[in-house]
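Participant: Pasting a structure below so you can have a look.
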Protein chains: 2
Amino acid sequence: MKRHPPSQDESAALLRASRLRATPARIAILRLLRAARRPLSIDEIHRGLRRAGDWATVFRSLRHFESARIVARCEFGDGQSRFELVSGGCGAGHHHHHLVCRSCGKVLHVGDCGLGDIERDLQKRHGFAAVTHSLEFFGLCPKCRAKG
Amino acid sequence: MKRHPPSQDESAALLRASRLRATPARIAILRLLRAARRPLSIDEIHRGLRRAGDWATVFRSLRHFESARIVARCEFGDGQSRFELVSGGCGAGHHHHHLVCRSCGKVLHVGDCGLGDIERDLQKRHGFAAVTHSLEFFGLCPKCRAKG
DNA sequence: TTATATGCAAAGTATTTGCATGACA
DNA sequence: TGTCATGCAAATACTTTGCATATAA
């Protein structure tokens, strides 16, 4: 069996492209995020690591990834931050948001939010710079609705 | 000086209208929220109470208020929940969001987000019920921008 | 070889819970 | 007077930090 040389590993390549050191822990975290169909909580990521690196490493890695803009953080209102790959992951690669079931946590991707106009308006009218937004939708999915 | 009888206190009245007990701690919390020009963090609310009730009371009260839909929770991305009156407070009484300065925390109110159409579309297309959203804008205010 | 990441432990902050007492309705 | 809120303390999450060691570049 051929062992993937570092240069062929997408996660490692992503790290190098962002001038971040490609360590086993970081590569493992990015692989988890790449395989996930939805944003993962720190807890899910930590459990997903084989030789579970410690919590501090997970937190620190994610903070770095966030600064480097290779992962994005989102809040589903349950007090935990969740993270997803900015590009390369499922549903990623373009600006999007999520529709989260309040009961079972099922996550759907939501495309164009059309808030760019509002952002530009806010910059113009109030002089704010670098305006961004965080947006999530919540609701009851069909299954949970049926269950009552 | 006439002492406001309970029935004339807006905060107490609001509690009674929601079938919640009108206790001094709760009334004090609602008064703080009513006087605030922006969502308050738990810490700010706790500090604002004269005979500072304890943290648990503040948390529990706010949780009840949230369930009763008389206050709304929002997240400014700093790991703390903030709360504002749903109606009666400044900028409240109508659906709105916030533009928060990433540097100094200054908060501006943002009106119509136009997301109602998307919500209806999500309900129709994916069968979700009771769809709502959480939305906040972030940026650098003019002053902070000037400071570098 | 040198800067930087990791692991561990400990500290910090945010939030919840149990229980006895006290207060609203 | 019965139900429910409060205060206190302790417990539970979640997240950060310090430091010695290990490792990527």
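So you can find residues: chains in the structure tokens are A, B, ... in the order shown, residues in each start at 1, and ligands are numbered from 1 in order.
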What residues in chain A lie within 8 Å of chain D, counting only C-alpha atoms (C1' of nucleotides), written as a list in words?

Facilitator: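 Putting it all together, I get Arg21, Ala22, Thr23, Phe59 and Gln80 of chain A.
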
Participant: Include N, CA and C atoms and write out the residues we just selected as a short mmCIF file (atom, residue, chain, number, x, y, z; two decimals), in the first residue's frame.

Facilitator:
```cif
data_model
loop_
_atom_site.label_atom_id
_atom_site.label_comp_id
_atom_site.auth_asym_id
_atom_site.auth_seq_id
_atom_site.Cartn_x
_atom_site.Cartn_y
_atom_site.Cartn_z
N ARG A 21 1.37 25.12 10.25
CA ARG A 21 2.12 23.86 10.29
C ARG A 21 1.19 22.67 10.18
N ALA A 22 1.57 21.75 9.34
CA ALA A 22 0.74 20.56 9.12
C ALA A 22 1.11 19.47 10.11
N THR A 23 0.47 19.48 11.25
CA THR A 23 0.73 18.47 12.28
C THR A 23 -0.37 17.41 12.21
N PHE A 59 -9.16 23.17 20.72
CA PHE A 59 -9.57 24.57 20.79
C PHE A 59 -8.57 25.47 20.07
N GLN A 80 -22.92 25.92 22.33
CA GLN A 80 -21.70 25.33 21.82
C GLN A 80 -21.36 25.93 20.46
#
```

Participant: Which residues in region 36-138 of chain A does DSSP call strand (DSSP E or B)? List them as a PyMOL selection string.

Facilitator: chain A and resi 40-41+71-75+81-85+97-101+107-110+129-138

Participant: Return as a PyMOL selection string the residues belonging to chain C that are within 8 Å of chain B, counting only C-alpha atoms (C1' of nucleotides).

Facilitator: chain C and resi 14-15+24

Participant: Atoms to include: C-alpha atoms (C1' of nucleotides). Write the selected residues as a PDB file, in the first residue's frame.

Facilitator:
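What ended up in result22.pdb:
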```
ATOM      1  C1'  DA C  14     -20.455  30.765  31.948  1.00  0.00           C
ATOM      2  C1'  DT C  15     -24.398  28.303  33.401  1.00  0.00           C
ATOM      3  C1'  DC C  24     -46.542  36.056  45.754  1.00  0.00           C
TER       4       DC C  24
END
```

Participant: Identify all chain B residues at most 6 Å from chain A by counting only C-alpha atoms; ligands do not count. Present them as a VMD selection string.

Facilitator: chain B and resid 127 to 142

Participant: Selection from above, all heavy atoms, as a short mmCIF file (atom, residue, chain, number, x, y, z; two decimals), in the first residue's frame, can you write it?

Facilitator:
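Printed below is part.cif as written:
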```
data_model
loop_
_atom_site.label_atom_id
_atom_site.label_comp_id
_atom_site.auth_asym_id
_atom_site.auth_seq_id
_atom_site.Cartn_x
_atom_site.Cartn_y
_atom_site.Cartn_z
N GLY B 127 -40.67 21.43 4.56
CA GLY B 127 -41.65 20.94 5.52
C GLY B 127 -41.35 21.30 6.97
O GLY B 127 -41.92 20.72 7.89
N PHE B 128 -40.45 22.23 7.16
CA PHE B 128 -40.18 22.66 8.54
C PHE B 128 -41.32 23.56 9.03
O PHE B 128 -41.93 24.28 8.24
CB PHE B 128 -38.87 23.45 8.61
CG PHE B 128 -37.65 22.58 8.79
CD1 PHE B 128 -37.33 21.60 7.86
CD2 PHE B 128 -36.83 22.73 9.90
CE1 PHE B 128 -36.21 20.80 8.02
CE2 PHE B 128 -35.70 21.94 10.07
CZ PHE B 128 -35.39 20.97 9.13
N ALA B 129 -41.60 23.48 10.33
CA ALA B 129 -42.63 24.34 10.91
C ALA B 129 -41.98 25.37 11.83
O ALA B 129 -40.87 25.18 12.29
CB ALA B 129 -43.63 23.50 11.69
N ALA B 130 -42.72 26.42 12.10
CA ALA B 130 -42.29 27.42 13.06
C ALA B 130 -40.86 27.90 12.82
O ALA B 130 -40.03 27.91 13.71
CB ALA B 130 -42.42 26.88 14.47
N VAL B 131 -40.60 28.26 11.58
CA VAL B 131 -39.24 28.69 11.25
C VAL B 131 -38.97 30.12 11.71
O VAL B 131 -39.76 31.03 11.47
CB VAL B 131 -38.98 28.58 9.73
CG1 VAL B 131 -37.59 29.11 9.39
CG2 VAL B 131 -39.10 27.13 9.29
N THR B 132 -37.86 30.29 12.41
CA THR B 132 -37.41 31.61 12.87
C THR B 132 -35.95 31.75 12.47
O THR B 132 -35.37 30.83 11.92
CB THR B 132 -37.51 31.73 14.40
OG1 THR B 132 -36.68 30.72 14.98
CG2 THR B 132 -38.93 31.55 14.88
N HIS B 133 -35.38 32.88 12.78
CA HIS B 133 -33.95 33.04 12.49
C HIS B 133 -33.26 33.91 13.52
O HIS B 133 -33.91 34.68 14.24
CB HIS B 133 -33.76 33.65 11.11
CG HIS B 133 -34.34 35.02 10.96
ND1 HIS B 133 -35.62 35.24 10.52
CD2 HIS B 133 -33.81 36.24 11.20
CE1 HIS B 133 -35.86 36.54 10.49
NE2 HIS B 133 -34.78 37.17 10.91
N SER B 134 -31.96 33.75 13.61
CA SER B 134 -31.15 34.64 14.44
C SER B 134 -30.15 35.28 13.51
O SER B 134 -29.54 34.60 12.69
CB SER B 134 -30.45 33.87 15.55
OG SER B 134 -29.30 33.23 15.07
N LEU B 135 -30.03 36.58 13.61
CA LEU B 135 -29.17 37.32 12.69
C LEU B 135 -28.52 38.50 13.38
O LEU B 135 -29.19 39.26 14.09
CB LEU B 135 -30.01 37.83 11.51
CG LEU B 135 -29.37 38.86 10.58
CD1 LEU B 135 -28.18 38.27 9.84
CD2 LEU B 135 -30.39 39.40 9.59
N GLU B 136 -27.22 38.60 13.25
CA GLU B 136 -26.51 39.77 13.77
C GLU B 136 -25.49 40.20 12.72
O GLU B 136 -24.94 39.37 12.00
CB GLU B 136 -25.75 39.46 15.08
CG GLU B 136 -26.57 38.80 16.17
CD GLU B 136 -27.71 39.65 16.71
OE1 GLU B 136 -27.71 40.88 16.47
OE2 GLU B 136 -28.61 39.09 17.36
N PHE B 137 -25.26 41.51 12.67
CA PHE B 137 -24.24 42.04 11.76
C PHE B 137 -23.05 42.50 12.60
O PHE B 137 -23.22 42.98 13.73
CB PHE B 137 -24.78 43.24 10.98
CG PHE B 137 -25.86 42.88 10.00
CD1 PHE B 137 -27.20 42.91 10.37
CD2 PHE B 137 -25.53 42.50 8.70
CE1 PHE B 137 -28.20 42.57 9.48
CE2 PHE B 137 -26.53 42.15 7.80
CZ PHE B 137 -27.87 42.20 8.18
N PHE B 138 -21.86 42.34 12.06
CA PHE B 138 -20.65 42.76 12.76
C PHE B 138 -19.83 43.64 11.83
O PHE B 138 -19.84 43.44 10.60
CB PHE B 138 -19.84 41.55 13.21
CG PHE B 138 -20.61 40.62 14.09
CD1 PHE B 138 -21.25 39.51 13.56
CD2 PHE B 138 -20.74 40.88 15.45
CE1 PHE B 138 -21.98 38.66 14.37
CE2 PHE B 138 -21.49 40.04 16.27
CZ PHE B 138 -22.10 38.92 15.73
N GLY B 139 -19.11 44.58 12.41
CA GLY B 139 -18.27 45.45 11.59
C GLY B 139 -17.39 46.31 12.47
O GLY B 139 -17.31 46.09 13.69
N LEU B 140 -16.72 47.27 11.87
CA LEU B 140 -15.88 48.19 12.60
C LEU B 140 -16.53 49.56 12.53
O LEU B 140 -16.73 50.09 11.44
CB LEU B 140 -14.49 48.27 11.98
CG LEU B 140 -13.35 47.49 12.60
CD1 LEU B 140 -12.04 47.91 11.96
CD2 LEU B 140 -13.30 47.70 14.11
N CYS B 141 -16.86 50.15 13.67
CA CYS B 141 -17.53 51.44 13.67
C CYS B 141 -16.54 52.53 13.24
O CYS B 141 -15.33 52.32 13.27
CB CYS B 141 -18.12 51.75 15.04
SG CYS B 141 -16.90 52.26 16.27
N PRO B 142 -17.05 53.67 12.82
CA PRO B 142 -16.19 54.75 12.33
C PRO B 142 -15.06 55.12 13.29
O PRO B 142 -13.92 55.26 12.88
CB PRO B 142 -17.17 55.92 12.15
CG PRO B 142 -18.48 55.26 11.89
CD PRO B 142 -18.48 54.03 12.73
#
```

Participant: List the neighbours of Val58 (chain B) out to 10 Å using only C-alpha atoms (C1' of nucleotides); skip same-chain residues closer than 2 positions along the sequence, and give me the result as a PyMOL selection string.

Facilitator: chain B and resi 25-26+29+42-43+45-46+49+52-56+60-64

Participant: Could you write out that same residue set with N, CA and C atoms as a tab-separated table (two decimals), in the first residue's frame?

Facilitator:
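selection04.tsv, written as the output of this step:
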```tsv
chain	number	residue	atom	x	y	z
B	25	ALA	N	-37.09	40.89	42.28
B	25	ALA	CA	-35.94	40.60	41.42
B	25	ALA	C	-36.34	40.67	39.95
B	26	ARG	N	-37.43	40.05	39.62
B	26	ARG	CA	-37.88	40.03	38.23
B	26	ARG	C	-38.22	41.42	37.72
B	29	ILE	N	-35.07	43.32	37.04
B	29	ILE	CA	-34.42	42.90	35.80
B	29	ILE	C	-35.12	43.51	34.59
B	42	ILE	N	-25.72	39.01	30.95
B	42	ILE	CA	-26.10	38.59	32.29
B	42	ILE	C	-25.28	39.37	33.31
B	43	ASP	N	-24.02	39.55	33.00
B	43	ASP	CA	-23.13	40.26	33.91
B	43	ASP	C	-23.60	41.69	34.12
B	45	ILE	N	-26.58	42.82	33.75
B	45	ILE	CA	-27.84	42.81	34.49
B	45	ILE	C	-27.56	42.58	35.97
B	46	HIS	N	-26.69	41.63	36.25
B	46	HIS	CA	-26.38	41.32	37.64
B	46	HIS	C	-25.78	42.53	38.35
B	49	LEU	N	-28.34	45.30	39.33
B	49	LEU	CA	-29.30	45.11	40.40
B	49	LEU	C	-28.77	45.70	41.71
B	52	ALA	N	-28.06	43.20	44.68
B	52	ALA	CA	-27.78	42.20	43.67
B	52	ALA	C	-28.26	40.81	44.08
B	53	GLY	N	-29.33	40.41	43.45
B	53	GLY	CA	-29.82	39.06	43.64
B	53	GLY	C	-28.71	38.15	43.16
B	54	ASP	N	-28.81	36.88	43.35
B	54	ASP	CA	-27.68	36.06	42.94
B	54	ASP	C	-27.79	35.67	41.48
B	55	TRP	N	-26.69	35.12	41.00
B	55	TRP	CA	-26.61	34.75	39.60
B	55	TRP	C	-27.71	33.80	39.20
B	56	ALA	N	-27.94	32.81	40.02
B	56	ALA	CA	-28.93	31.80	39.66
B	56	ALA	C	-30.29	32.45	39.41
B	60	ARG	N	-32.23	32.18	35.99
B	60	ARG	CA	-33.56	31.55	35.96
B	60	ARG	C	-34.61	32.52	35.47
B	61	SER	N	-34.55	33.75	35.93
B	61	SER	CA	-35.55	34.73	35.51
B	61	SER	C	-35.49	34.92	34.00
B	62	LEU	N	-34.28	35.08	33.49
B	62	LEU	CA	-34.16	35.32	32.05
B	62	LEU	C	-34.64	34.12	31.24
B	63	ARG	N	-34.37	32.94	31.76
B	63	ARG	CA	-34.84	31.75	31.05
B	63	ARG	C	-36.37	31.74	30.99
B	64	HIS	N	-36.98	32.10	32.11
B	64	HIS	CA	-38.44	32.17	32.12
B	64	HIS	C	-38.96	33.24	31.17
```

Participant: If you run DSSP on the backbone here, which positions in chain A get helix (DSSP H, G or I)? Please write them as an MDAnalysis selection string.

Facilitator: chainID A and resid 6:8 10:17 24:35 42:48 55:67 116:126 142:147

Participant: Set the distance at 10 Å and use only C-alpha atoms (C1' of nucleotides): which residues neighbour Val86 (chain B) once local chain neighbours fewer than 5 positions away are removed? I'd like the list as a VMD selection string.

Facilitator: chain B and resid 33 to 34 65 to 66 69 to 73 91 to 96

Participant: Just all heavy atoms for this one: save the residues we selected as a compact mmCIF listing (two decimals), in the first residue's frame.

Facilitator:
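Below is the file that was written, again_22.txt:
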```txt
# COMPACT_ATOMS: atom_id res chain seq x y z
N LEU B 33 -33.75 46.17 31.68
CA LEU B 33 -33.83 45.92 30.24
C LEU B 33 -34.61 47.03 29.55
O LEU B 33 -34.28 47.43 28.44
CB LEU B 33 -34.50 44.56 29.98
CG LEU B 33 -33.69 43.35 30.42
CD1 LEU B 33 -34.50 42.07 30.21
CD2 LEU B 33 -32.37 43.27 29.65
N ARG B 34 -35.63 47.53 30.24
CA ARG B 34 -36.45 48.58 29.65
C ARG B 34 -35.63 49.85 29.47
O ARG B 34 -35.79 50.59 28.49
CB ARG B 34 -37.67 48.85 30.54
CG ARG B 34 -38.73 49.72 29.91
CD ARG B 34 -39.90 49.92 30.86
NE ARG B 34 -40.51 48.65 31.24
CZ ARG B 34 -41.39 47.97 30.49
NH1 ARG B 34 -41.75 48.47 29.32
NH2 ARG B 34 -41.88 46.84 30.91
N PHE B 65 -38.32 34.40 31.21
CA PHE B 65 -38.75 35.50 30.34
C PHE B 65 -38.64 35.07 28.89
O PHE B 65 -39.48 35.42 28.05
CB PHE B 65 -37.89 36.74 30.57
CG PHE B 65 -38.00 37.31 31.95
CD1 PHE B 65 -37.11 38.29 32.37
CD2 PHE B 65 -38.98 36.88 32.84
CE1 PHE B 65 -37.20 38.82 33.64
CE2 PHE B 65 -39.08 37.41 34.11
CZ PHE B 65 -38.18 38.39 34.52
N GLU B 66 -37.59 34.34 28.59
CA GLU B 66 -37.38 33.91 27.21
C GLU B 66 -38.50 32.94 26.79
O GLU B 66 -39.06 33.06 25.71
CB GLU B 66 -36.02 33.24 27.10
CG GLU B 66 -35.49 33.20 25.68
CD GLU B 66 -34.17 32.44 25.59
OE1 GLU B 66 -33.65 31.97 26.63
OE2 GLU B 66 -33.67 32.29 24.47
N ARG B 69 -41.55 34.61 26.05
CA ARG B 69 -41.40 35.51 24.90
C ARG B 69 -41.49 36.98 25.27
O ARG B 69 -41.92 37.79 24.45
CB ARG B 69 -42.48 35.22 23.84
CG ARG B 69 -42.69 33.78 23.57
CD ARG B 69 -41.93 33.32 22.38
NE ARG B 69 -42.07 31.87 22.24
CZ ARG B 69 -41.58 31.18 21.23
NH1 ARG B 69 -40.91 31.79 20.29
NH2 ARG B 69 -41.73 29.88 21.18
N ILE B 70 -41.13 37.33 26.48
CA ILE B 70 -41.12 38.76 26.78
C ILE B 70 -39.71 39.33 26.66
O ILE B 70 -39.52 40.53 26.57
CB ILE B 70 -41.74 39.09 28.16
CG1 ILE B 70 -40.98 38.44 29.30
CG2 ILE B 70 -43.19 38.65 28.21
CD1 ILE B 70 -41.56 38.76 30.66
N VAL B 71 -38.70 38.47 26.66
CA VAL B 71 -37.37 38.93 26.29
C VAL B 71 -36.81 38.01 25.21
O VAL B 71 -37.24 36.86 25.08
CB VAL B 71 -36.36 38.98 27.48
CG1 VAL B 71 -36.92 39.71 28.67
CG2 VAL B 71 -35.90 37.60 27.86
N ALA B 72 -35.88 38.53 24.46
CA ALA B 72 -35.24 37.76 23.39
C ALA B 72 -33.75 37.69 23.67
O ALA B 72 -33.15 38.64 24.17
CB ALA B 72 -35.50 38.40 22.05
N ARG B 73 -33.18 36.56 23.36
CA ARG B 73 -31.75 36.35 23.56
C ARG B 73 -31.02 36.61 22.25
O ARG B 73 -31.53 36.30 21.18
CB ARG B 73 -31.53 34.90 23.98
CG ARG B 73 -30.09 34.50 24.16
CD ARG B 73 -29.97 32.98 24.29
NE ARG B 73 -30.70 32.48 25.44
CZ ARG B 73 -30.12 31.95 26.52
NH1 ARG B 73 -28.82 31.87 26.58
NH2 ARG B 73 -30.85 31.51 27.51
N GLY B 91 -35.81 50.51 20.59
CA GLY B 91 -35.59 49.81 19.33
C GLY B 91 -36.41 48.54 19.23
O GLY B 91 -36.38 47.84 18.25
N ALA B 92 -37.14 48.25 20.30
CA ALA B 92 -37.90 47.00 20.29
C ALA B 92 -39.34 47.27 19.84
O ALA B 92 -39.69 48.36 19.44
CB ALA B 92 -37.89 46.37 21.67
N GLY B 93 -40.15 46.26 19.94
CA GLY B 93 -41.54 46.42 19.53
C GLY B 93 -41.73 46.02 18.09
O GLY B 93 -42.84 45.90 17.61
N HIS B 94 -40.62 45.83 17.39
CA HIS B 94 -40.73 45.33 16.03
C HIS B 94 -39.53 44.44 15.78
O HIS B 94 -38.50 44.56 16.43
CB HIS B 94 -40.76 46.50 15.04
CG HIS B 94 -39.53 47.35 15.12
ND1 HIS B 94 -39.35 48.30 16.12
CD2 HIS B 94 -38.42 47.38 14.38
CE1 HIS B 94 -38.18 48.88 15.94
NE2 HIS B 94 -37.58 48.34 14.90
N HIS B 95 -39.68 43.55 14.83
CA HIS B 95 -38.60 42.64 14.47
C HIS B 95 -37.37 43.44 14.05
O HIS B 95 -37.45 44.32 13.20
CB HIS B 95 -39.09 41.76 13.31
CG HIS B 95 -38.08 40.80 12.81
ND1 HIS B 95 -37.75 39.67 13.51
CD2 HIS B 95 -37.31 40.80 11.70
CE1 HIS B 95 -36.82 39.00 12.82
NE2 HIS B 95 -36.54 39.67 11.73
N HIS B 96 -36.23 43.15 14.67
CA HIS B 96 -35.02 43.88 14.28
C HIS B 96 -33.77 43.06 14.64
O HIS B 96 -33.86 42.04 15.30
CB HIS B 96 -34.96 45.22 15.00
CG HIS B 96 -34.71 45.10 16.46
ND1 HIS B 96 -35.71 44.84 17.38
CD2 HIS B 96 -33.57 45.14 17.18
CE1 HIS B 96 -35.19 44.75 18.59
NE2 HIS B 96 -33.89 44.91 18.50
```
